[in-house]
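Trainee: You'll find entry.pdb just under this line, and it carries PDB, C-alpha atoms, pLDDT in the B column.
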ATOM      1  CA  MET U   1      -7.050  -6.029  19.469  1.00 49.00           C
ATOM      2  CA  LYS U   2      -8.688  -2.576  19.540  1.00 54.00           C
ATOM      3  CA  LYS U   3      -6.228  -1.247  22.109  1.00 54.00           C
ATOM      4  CA  TYR U   4      -3.290  -1.994  19.747  1.00 58.00           C
ATOM      5  CA  LYS U   5      -4.733   0.163  16.946  1.00 62.00           C
ATOM      6  CA  ILE U   6      -4.034   3.335  18.955  1.00 65.00           C
ATOM      7  CA  ILE U   7      -0.293   2.588  19.310  1.00 62.00           C
ATOM      8  CA  PRO U   8       0.715   3.672  15.751  1.00 66.00           C
ATOM      9  CA  ILE U   9      -1.269   6.916  16.134  1.00 64.00           C
ATOM     10  CA  ILE U  10       0.510   7.720  19.412  1.00 61.00           C
ATOM     11  CA  LEU U  11       3.932   6.935  17.922  1.00 59.00           C
ATOM     12  CA  ILE U  12       3.301   9.086  14.834  1.00 64.00           C
ATOM     13  CA  THR U  13       2.124  11.999  16.986  1.00 62.00           C
ATOM     14  CA  LEU U  14       5.165  11.784  19.279  1.00 54.00           C
ATOM     15  CA  TYR U  15       7.535  11.505  16.323  1.00 57.00           C
ATOM     16  CA  SER U  16       5.942  14.525  14.674  1.00 57.00           C
ATOM     17  CA  LEU U  17       6.096  16.645  17.834  1.00 51.00           C
ATOM     18  CA  LEU U  18       9.723  15.732  18.481  1.00 47.00           C
ATOM     19  CA  SER U  19      10.665  16.496  14.879  1.00 51.00           C
ATOM     20  CA  LYS U  20       9.024  19.938  15.058  1.00 50.00           C
ATOM     21  CA  ALA U  21      10.740  20.711  18.349  1.00 44.00           C
ATOM     22  CA  GLN U  22      14.148  19.996  16.805  1.00 45.00           C
ATOM     23  CA  GLY U  23      13.413  21.861  13.537  1.00 48.00           C
ATOM     24  CA  GLY U  24      13.680  25.522  14.477  1.00 47.00           C
ATOM     25  CA  GLY U  25      13.002  28.061  11.610  1.00 47.00           C
ATOM     26  CA  GLU U  26      11.758  27.745   8.063  1.00 48.00           C
ATOM     27  CA  GLU U  27      13.899  25.645   5.761  1.00 51.00           C
ATOM     28  CA  ILE U  28      13.760  24.643   2.128  1.00 49.00           C
ATOM     29  CA  VAL U  29      12.401  21.102   1.997  1.00 58.00           C
ATOM     30  CA  LEU U  30      13.139  18.873  -1.001  1.00 62.00           C
ATOM     31  CA  ARG U  31      10.399  16.237  -1.180  1.00 78.00           C
ATOM     32  CA  HIS U  32       9.112  15.532  -4.680  1.00 82.00           C
ATOM     33  CA  ILE U  33      12.146  16.202  -6.875  1.00 84.00           C
ATOM     34  CA  LYS U  34      14.309  14.131  -9.205  1.00 89.00           C
ATOM     35  CA  GLY U  35      16.535  11.653  -7.340  1.00 89.00           C
ATOM     36  CA  VAL U  36      14.547  11.470  -4.095  1.00 91.00           C
ATOM     37  CA  GLN U  37      14.151   7.871  -2.852  1.00 94.00           C
ATOM     38  CA  SER U  38      11.722   6.568  -0.259  1.00 94.00           C
ATOM     39  CA  VAL U  39      10.443   3.419   1.409  1.00 95.00           C
ATOM     40  CA  GLU U  40       6.988   2.866   2.832  1.00 96.00           C
ATOM     41  CA  GLY U  41       4.948   0.363   4.797  1.00 96.00           C
ATOM     42  CA  ASN U  42       1.142   0.155   4.575  1.00 96.00           C
ATOM     43  CA  TYR U  43      -1.627  -1.838   6.198  1.00 96.00           C
ATOM     44  CA  GLY U  44      -5.189  -2.009   4.940  1.00 95.00           C
ATOM     45  CA  PHE U  45      -8.048  -4.076   3.587  1.00 91.00           C
ATOM     46  CA  THR U  46      -9.785  -5.288   0.465  1.00 88.00           C
ATOM     47  CA  GLN U  47     -13.354  -6.531   0.181  1.00 84.00           C
ATOM     48  CA  LEU U  48     -11.978 -10.030   0.876  1.00 84.00           C
ATOM     49  CA  GLY U  49      -9.391  -9.581   3.639  1.00 89.00           C
ATOM     50  CA  ASN U  50      -6.539  -7.645   5.214  1.00 93.00           C
ATOM     51  CA  SER U  51      -3.320  -6.722   3.445  1.00 94.00           C
ATOM     52  CA  PHE U  52       0.202  -5.475   4.147  1.00 96.00           C
ATOM     53  CA  GLU U  53       2.477  -3.795   1.624  1.00 95.00           C
ATOM     54  CA  LEU U  54       6.109  -2.621   1.418  1.00 96.00           C
ATOM     55  CA  ASN U  55       7.196  -0.229  -1.357  1.00 96.00           C
ATOM     56  CA  TYR U  56      10.275   1.539  -2.696  1.00 96.00           C
ATOM     57  CA  ALA U  57       9.973   4.696  -4.808  1.00 95.00           C
ATOM     58  CA  LYS U  58      12.459   6.831  -6.746  1.00 95.00           C
ATOM     59  CA  PHE U  59      11.661  10.125  -8.459  1.00 93.00           C
ATOM     60  CA  VAL U  60      12.872  10.189 -12.078  1.00 94.00           C
ATOM     61  CA  SER U  61      11.618  13.768 -12.504  1.00 92.00           C
ATOM     62  CA  ASP U  62       9.899  16.354 -10.310  1.00 86.00           C
ATOM     63  CA  LYS U  63       6.463  14.862 -11.095  1.00 90.00           C
ATOM     64  CA  VAL U  64       7.076  11.177 -11.926  1.00 94.00           C
ATOM     65  CA  PHE U  65       8.393   8.352  -9.772  1.00 94.00           C
ATOM     66  CA  ILE U  66       9.037   4.636 -10.221  1.00 95.00           C
ATOM     67  CA  LEU U  67       7.277   2.461  -7.650  1.00 94.00           C
ATOM     68  CA  THR U  68       8.033  -1.168  -6.834  1.00 96.00           C
ATOM     69  CA  GLY U  69       7.080  -3.394  -3.935  1.00 95.00           C
ATOM     70  CA  GLY U  70       5.361  -6.420  -2.543  1.00 96.00           C
ATOM     71  CA  ASN U  71       1.923  -7.144  -1.116  1.00 94.00           C
ATOM     72  CA  TYR U  72       0.584  -9.811   1.261  1.00 95.00           C
ATOM     73  CA  GLU U  73      -3.150 -10.375   1.651  1.00 93.00           C
ATOM     74  CA  LYS U  74      -5.041 -12.908   3.753  1.00 92.00           C
ATOM     75  CA  GLY U  75      -8.785 -13.327   3.763  1.00 87.00           C
ATOM     76  CA  VAL U  76     -11.875 -15.503   3.649  1.00 81.00           C
ATOM     77  CA  ILE U  77     -14.387 -16.064   0.859  1.00 76.00           C
ATOM     78  CA  GLY U  78     -17.408 -17.754   2.329  1.00 72.00           C
ATOM     79  CA  ARG U  79     -15.645 -20.381   4.424  1.00 72.00           C
ATOM     80  CA  VAL U  80     -12.572 -20.764   2.231  1.00 76.00           C
ATOM     81  CA  ASN U  81      -9.334 -19.108   3.384  1.00 82.00           C
ATOM     82  CA  PHE U  82      -6.893 -17.640   0.880  1.00 85.00           C
ATOM     83  CA  THR U  83      -3.466 -16.001   0.914  1.00 90.00           C
ATOM     84  CA  ASP U  84      -2.097 -13.748  -1.815  1.00 90.00           C
ATOM     85  CA  TYR U  85       1.597 -12.901  -2.339  1.00 94.00           C
ATOM     86  CA  SER U  86       2.293 -10.423  -5.124  1.00 94.00           C
ATOM     87  CA  ALA U  87       4.932  -8.053  -6.467  1.00 96.00           C
ATOM     88  CA  HIS U  88       4.257  -4.903  -8.431  1.00 95.00           C
ATOM     89  CA  PHE U  89       6.190  -2.488 -10.609  1.00 97.00           C
ATOM     90  CA  GLY U  90       4.892   0.747 -12.012  1.00 96.00           C
ATOM     91  CA  THR U  91       5.026   4.474 -12.155  1.00 95.00           C
ATOM     92  CA  ALA U  92       3.189   7.281 -10.444  1.00 94.00           C
ATOM     93  CA  LEU U  93       2.442  10.855 -11.337  1.00 93.00           C
ATOM     94  CA  SER U  94       2.582  13.473  -8.595  1.00 90.00           C
ATOM     95  CA  LEU U  95      -0.476  15.257  -9.934  1.00 87.00           C
ATOM     96  CA  PHE U  96      -0.610  18.358  -7.722  1.00 86.00           C
ATOM     97  CA  LYS U  97       0.150  19.639  -4.234  1.00 87.00           C
ATOM     98  CA  ILE U  98      -1.576  21.873  -1.731  1.00 88.00           C
ATOM     99  CA  GLY U  99       0.907  23.963   0.208  1.00 85.00           C
ATOM    100  CA  SER U 100       4.226  22.297   0.936  1.00 83.00           C
ATOM    101  CA  ARG U 101       2.876  19.262   2.825  1.00 88.00           C
ATOM    102  CA  LEU U 102      -0.028  17.681   0.917  1.00 92.00           C
ATOM    103  CA  TYR U 103       0.574  15.860  -2.402  1.00 92.00           C
ATOM    104  CA  PHE U 104      -1.791  13.843  -4.592  1.00 94.00           C
ATOM    105  CA  ASN U 105      -0.238  10.974  -6.571  1.00 94.00           C
ATOM    106  CA  ILE U 106      -1.759   8.735  -9.262  1.00 95.00           C
ATOM    107  CA  PRO U 107      -0.043   5.295  -9.320  1.00 94.00           C
ATOM    108  CA  LEU U 108      -0.379   2.784 -12.178  1.00 95.00           C
ATOM    109  CA  ALA U 109       1.274  -0.630 -11.853  1.00 95.00           C
ATOM    110  CA  ALA U 110       1.507  -4.124 -13.279  1.00 96.00           C
ATOM    111  CA  TYR U 111       1.726  -7.001 -10.841  1.00 91.00           C
ATOM    112  CA  ILE U 112       2.218 -10.742 -10.616  1.00 95.00           C
ATOM    113  CA  GLY U 113       1.674 -13.108  -7.753  1.00 93.00           C
ATOM    114  CA  ILE U 114       0.607 -16.408  -6.308  1.00 91.00           C
ATOM    115  CA  GLU U 115      -2.780 -16.899  -4.730  1.00 87.00           C
ATOM    116  CA  THR U 116      -3.065 -19.874  -2.395  1.00 86.00           C
ATOM    117  CA  ILE U 117      -6.558 -21.166  -1.703  1.00 81.00           C
ATOM    118  CA  ASN U 118      -6.496 -23.398   1.354  1.00 78.00           C
ATOM    119  CA  PRO U 119      -8.242 -26.771   1.483  1.00 73.00           C
ATOM    120  CA  TYR U 120     -11.684 -26.769   3.091  1.00 68.00           C
ATOM    121  CA  THR U 121     -14.348 -29.331   3.925  1.00 63.00           C
ATOM    122  CA  SER U 122     -17.704 -28.185   5.286  1.00 61.00           C
ATOM    123  CA  PRO U 123     -18.728 -29.604   8.691  1.00 67.00           C
ATOM    124  CA  ASN U 124     -21.416 -31.817   7.125  1.00 68.00           C
ATOM    125  CA  HIS U 125     -19.059 -32.852   4.253  1.00 63.00           C
ATOM    126  CA  GLU U 126     -21.443 -31.468   1.609  1.00 61.00           C
ATOM    127  CA  PHE U 127     -18.751 -29.228   0.185  1.00 58.00           C
ATOM    128  CA  SER U 128     -15.055 -29.905  -0.197  1.00 60.00           C
ATOM    129  CA  TYR U 129     -12.268 -27.921  -1.895  1.00 64.00           C
ATOM    130  CA  ALA U 130      -8.821 -29.446  -2.316  1.00 65.00           C
ATOM    131  CA  GLY U 131      -6.965 -26.116  -2.391  1.00 72.00           C
ATOM    132  CA  ASP U 132      -4.772 -24.667  -5.102  1.00 81.00           C
ATOM    133  CA  ASN U 133      -1.875 -22.328  -5.915  1.00 87.00           C
ATOM    134  CA  ILE U 134      -2.788 -20.012  -8.763  1.00 87.00           C
ATOM    135  CA  PHE U 135      -0.519 -17.668 -10.729  1.00 92.00           C
ATOM    136  CA  ILE U 136      -2.246 -14.274 -10.968  1.00 90.00           C
ATOM    137  CA  TYR U 137      -1.334 -11.118 -12.861  1.00 94.00           C
ATOM    138  CA  GLY U 138      -2.948  -7.831 -13.703  1.00 93.00           C
ATOM    139  CA  LEU U 139      -2.975  -4.054 -13.426  1.00 95.00           C
ATOM    140  CA  SER U 140      -3.771  -1.596 -10.672  1.00 94.00           C
ATOM    141  CA  GLY U 141      -4.460   2.110 -10.503  1.00 94.00           C
ATOM    142  CA  GLY U 142      -5.673   4.581  -7.948  1.00 94.00           C
ATOM    143  CA  ILE U 143      -4.950   7.720  -6.008  1.00 94.00           C
ATOM    144  CA  ASN U 144      -2.835   8.283  -2.941  1.00 92.00           C
ATOM    145  CA  PRO U 145      -2.858  11.493  -0.936  1.00 94.00           C
ATOM    146  CA  GLU U 146       0.393  12.008   0.952  1.00 94.00           C
ATOM    147  CA  PHE U 147       0.735  14.385   3.924  1.00 94.00           C
ATOM    148  CA  PHE U 148       4.214  15.209   5.238  1.00 93.00           C
ATOM    149  CA  ILE U 149       4.397  15.360   9.024  1.00 92.00           C
ATOM    150  CA  ASN U 150       8.034  16.533   8.887  1.00 90.00           C
ATOM    151  CA  LYS U 151      10.826  16.938   6.311  1.00 88.00           C
ATOM    152  CA  THR U 152      11.276  13.227   5.587  1.00 90.00           C
ATOM    153  CA  THR U 153       8.154  11.402   6.809  1.00 93.00           C
ATOM    154  CA  SER U 154       4.675  11.353   5.337  1.00 94.00           C
ATOM    155  CA  ILE U 155       1.394   9.673   6.107  1.00 95.00           C
ATOM    156  CA  ILE U 156       0.136   8.087   2.915  1.00 95.00           C
ATOM    157  CA  ILE U 157      -3.241   6.639   1.975  1.00 94.00           C
ATOM    158  CA  HIS U 158      -3.720   4.296  -0.992  1.00 94.00           C
ATOM    159  CA  ALA U 159      -7.065   3.764  -2.688  1.00 94.00           C
ATOM    160  CA  LYS U 160      -6.568   1.275  -5.541  1.00 93.00           C
ATOM    161  CA  GLU U 161      -8.582  -0.817  -7.929  1.00 92.00           C
ATOM    162  CA  TYR U 162      -7.087  -4.062  -9.245  1.00 90.00           C
ATOM    163  CA  PHE U 163      -7.931  -5.805 -12.513  1.00 92.00           C
ATOM    164  CA  ILE U 164      -6.851  -9.413 -11.936  1.00 88.00           C
ATOM    165  CA  MET U 165      -6.336 -12.044 -14.602  1.00 86.00           C
ATOM    166  CA  ASN U 166      -6.525 -15.789 -13.911  1.00 79.00           C
ATOM    167  CA  CYS U 167      -8.160 -15.361 -10.495  1.00 74.00           C
ATOM    168  CA  PRO U 168     -11.066 -17.642  -9.506  1.00 68.00           C
ATOM    169  CA  MET U 169     -12.328 -15.029  -7.024  1.00 67.00           C
ATOM    170  CA  GLY U 170     -13.162 -12.369  -9.595  1.00 71.00           C
ATOM    171  CA  SER U 171     -11.472  -9.904 -11.908  1.00 82.00           C
ATOM    172  CA  TRP U 172     -11.943  -6.680  -9.901  1.00 87.00           C
ATOM    173  CA  LYS U 173     -10.829  -5.950  -6.355  1.00 86.00           C
ATOM    174  CA  TYR U 174     -10.429  -2.715  -4.408  1.00 90.00           C
ATOM    175  CA  GLN U 175      -7.797  -2.023  -1.765  1.00 92.00           C
ATOM    176  CA  VAL U 176      -7.636   0.779   0.811  1.00 94.00           C
ATOM    177  CA  MET U 177      -4.437   1.172   2.839  1.00 95.00           C
ATOM    178  CA  GLY U 178      -2.672   3.648   5.073  1.00 95.00           C
ATOM    179  CA  GLY U 179       0.919   3.869   6.177  1.00 96.00           C
ATOM    180  CA  LEU U 180       4.132   5.822   6.477  1.00 96.00           C
ATOM    181  CA  ARG U 181       6.620   6.823   3.786  1.00 95.00           C
ATOM    182  CA  PHE U 182      10.205   7.726   4.714  1.00 94.00           C
ATOM    183  CA  ILE U 183      12.604   9.637   2.442  1.00 92.00           C
ATOM    184  CA  ILE U 184      15.921   7.766   2.652  1.00 91.00           C
ATOM    185  CA  ASN U 185      18.341  10.137   0.904  1.00 85.00           C
TER     186      ASN U 185
END
Please re-express this file's structure in structure tokens.

Mentor:
Amino acid sequence: MKKYKIIPIILITLYSLLSKAQGGGEEIVLRHIKGVQSVEGNYGFTQLGNSFELNYAKFVSDKVFILTGGNYEKGVIGRVNFTDYSAHFGTALSLFKIGSRLYFNIPLAAYIGIETINPYTSPNHEFSYAGDNIFIYGLSGGINPEFFINKTTSIIIHAKEYFIMNCPMGSWKYQVMGGLRFIIN
């Protein structure tokens, strides 16, 4: 498994080098302006498991963008497995930038989802859980630095805190993710 973690790093490096080789000269780059649309894919973890997320964003002004997407999380609490499918919708503020490549965004979102807790019986049959599907909802907020490796591609990191309602596993959960964002227009 460890040898596969290096593959995305190699691909990103090659993509970045090839993009720079084709660039030639200084150009005006339009990244965080009204009308720009992007898609992103992220992989990361929470204190309970691993998660994967796909997002779509559209800038409604030079500093504010609408963010929507879906999240999949799978993990273990004690010996009980769970799976979480959720969708989120929110907005983000592009707070400030350093140079022309590094941006800091503050996302705030509402989300809904289904959490599936799988059935489990302990080996000595002292504990048994029948399993359940639970409707969850809540809010999330965080910070995400975004570093552009070329005109249309950025490496993005998400650090979020979730406040979850109706969840038997607790009301607060953190999530740390990393991924790529691609400008599509």

Trainee: Padding 6 Å on every side, please: axis-aligned box over the listed atoms of stretch 146-155 of chain U, centre and edge lengths to one decimal in Å, as JSON.

Mentor:
{"center_x": 5.8, "center_y": 13.3, "center_z": 5.0, "size_x": 22.9, "size_y": 19.3, "size_z": 20.1}

Trainee: Show me, as a list in words, the residues that have an atom within 7 Å of stretch 175-183 of chain U when counting only C-alpha atoms, minus same-chain residues fewer than 2 positions from it.

Mentor: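 Here the answer would be Gln37, Ser38, Val39, Glu40, Gly41, Asn42, Tyr43, Gly44, Phe45, Thr46, Thr152, Thr153, Ser154, Ile155, Ile156, Ile157, His158, Ala159, Lys160, Glu161, Lys173 and Asn185 of chain U.
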
Trainee: Figure out the distance between atom CA of U:Phe89 and atom CA of U:Leu67, please, to one decimal in Å.

Mentor: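 According to the coordinates, atom CA of U:Leu67 and atom CA of U:Phe89 are separated by 5.9 Å.
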
Trainee: Pick from U:Gly70, U:Gly138, U:Gly131, U:Pro145: nearest to U:Tyr162, with all atoms listed in the file counted?

Mentor: U:Gly138

Trainee: Which residue is closest to U:Val76? Choose from U:Gly170, U:Pro119, U:Gly49, U:Gly141 and count all atoms listed in the file.

Mentor: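 Closest candidate: U:Gly49.
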
Trainee: For atom CA of U:Glu53 and atom CA of U:Glu115, quote the distance in Å rounded to one decimal.

Mentor: 15.5 Å

Trainee: Tell me which protein, DNA and RNA residues are within 8 Å of stretch 100-104 of chain U, counting all atoms listed in the file, leaving out same-chain ones fewer than 6 positions away, and put them as a ChimeraX atom specification.

Mentor: /U:94,143-149

Trainee: Just give me the gap between atom CA of U:Phe96 and atom CA of U:Asn71 in Å, one decimal is fine.

Mentor: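 Distance between the two atoms: 26.5 Å.
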